[in-house]
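Note sheet for the following structure.
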Amino acid sequence: MVEAKVAQQITIKDGKSMSVGGVNSVLAFDAEYLKIDTSIGVLHVTGKELIIENLSKEKKEILVLGQIISLEIKKSGKSK
């Protein structure tokens with residue numbers, strides 16, 4: 001069975017909400033930090049009053065609300 005690739009897309013609206021596509025899993029989460037395994041690497045998000053509004057495993061998407069302060073993507077060393 002061949003798994004379809006999900007495009008990596010990050011959208012931030014007014015610094016108050018963020019949607020991410022290509023999500024494999026949430027590795028860590030609290031009100032000031034979020035660590036997400038994505039199709040292109042691990043996404044580190046810092047912010048304030050962060051909440052996960054929606055997480056869809058079927059669509060591989062996540063919606064996060066709160067003040068988004070910074071994002072960092074650490075590319076995985078695995079070749080796909």
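Convention: chains lettered A, B, ... in structure tokens order; per-chain residue numbering from 1; ligands numbered from 1 as shown.
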
Quiz item: Contacts of Gln8 of chain A at 9 Å or less, counting only C-alpha atoms, minus same-chain residues fewer than 3 places along, as a PyMOL selection string?
Solution: chain A and resi 20-23+38-40

Closest of A:Gly47, A:Lys60, A:Val42, A:Lys75 to Ser19 of chain A, counting only C-alpha atoms, is A:Lys60

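Atom pair atom CA of Val45 of chain A / atom CA of Asp30 of chain A has a distance of 10.4 Å (rounded to one decimal).
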
Would you kindly return, as a VMD selection string, each protein, DNA or RNA residue with an atom no farther than 10 Å from any atom of Gln67 of chain A, considering only C-alpha atoms and excluding same-chain residues fewer than 6 positions away? chain A and resid 14 to 18 31 to 32 46 to 51

Write out as an MDAnalysis selection string the set of residues from chain A that DSSP, computed on the backbone, places in strand (DSSP E or B). chainID A and resid 10:13 17:21 23:30 33:38 41:56 61:75
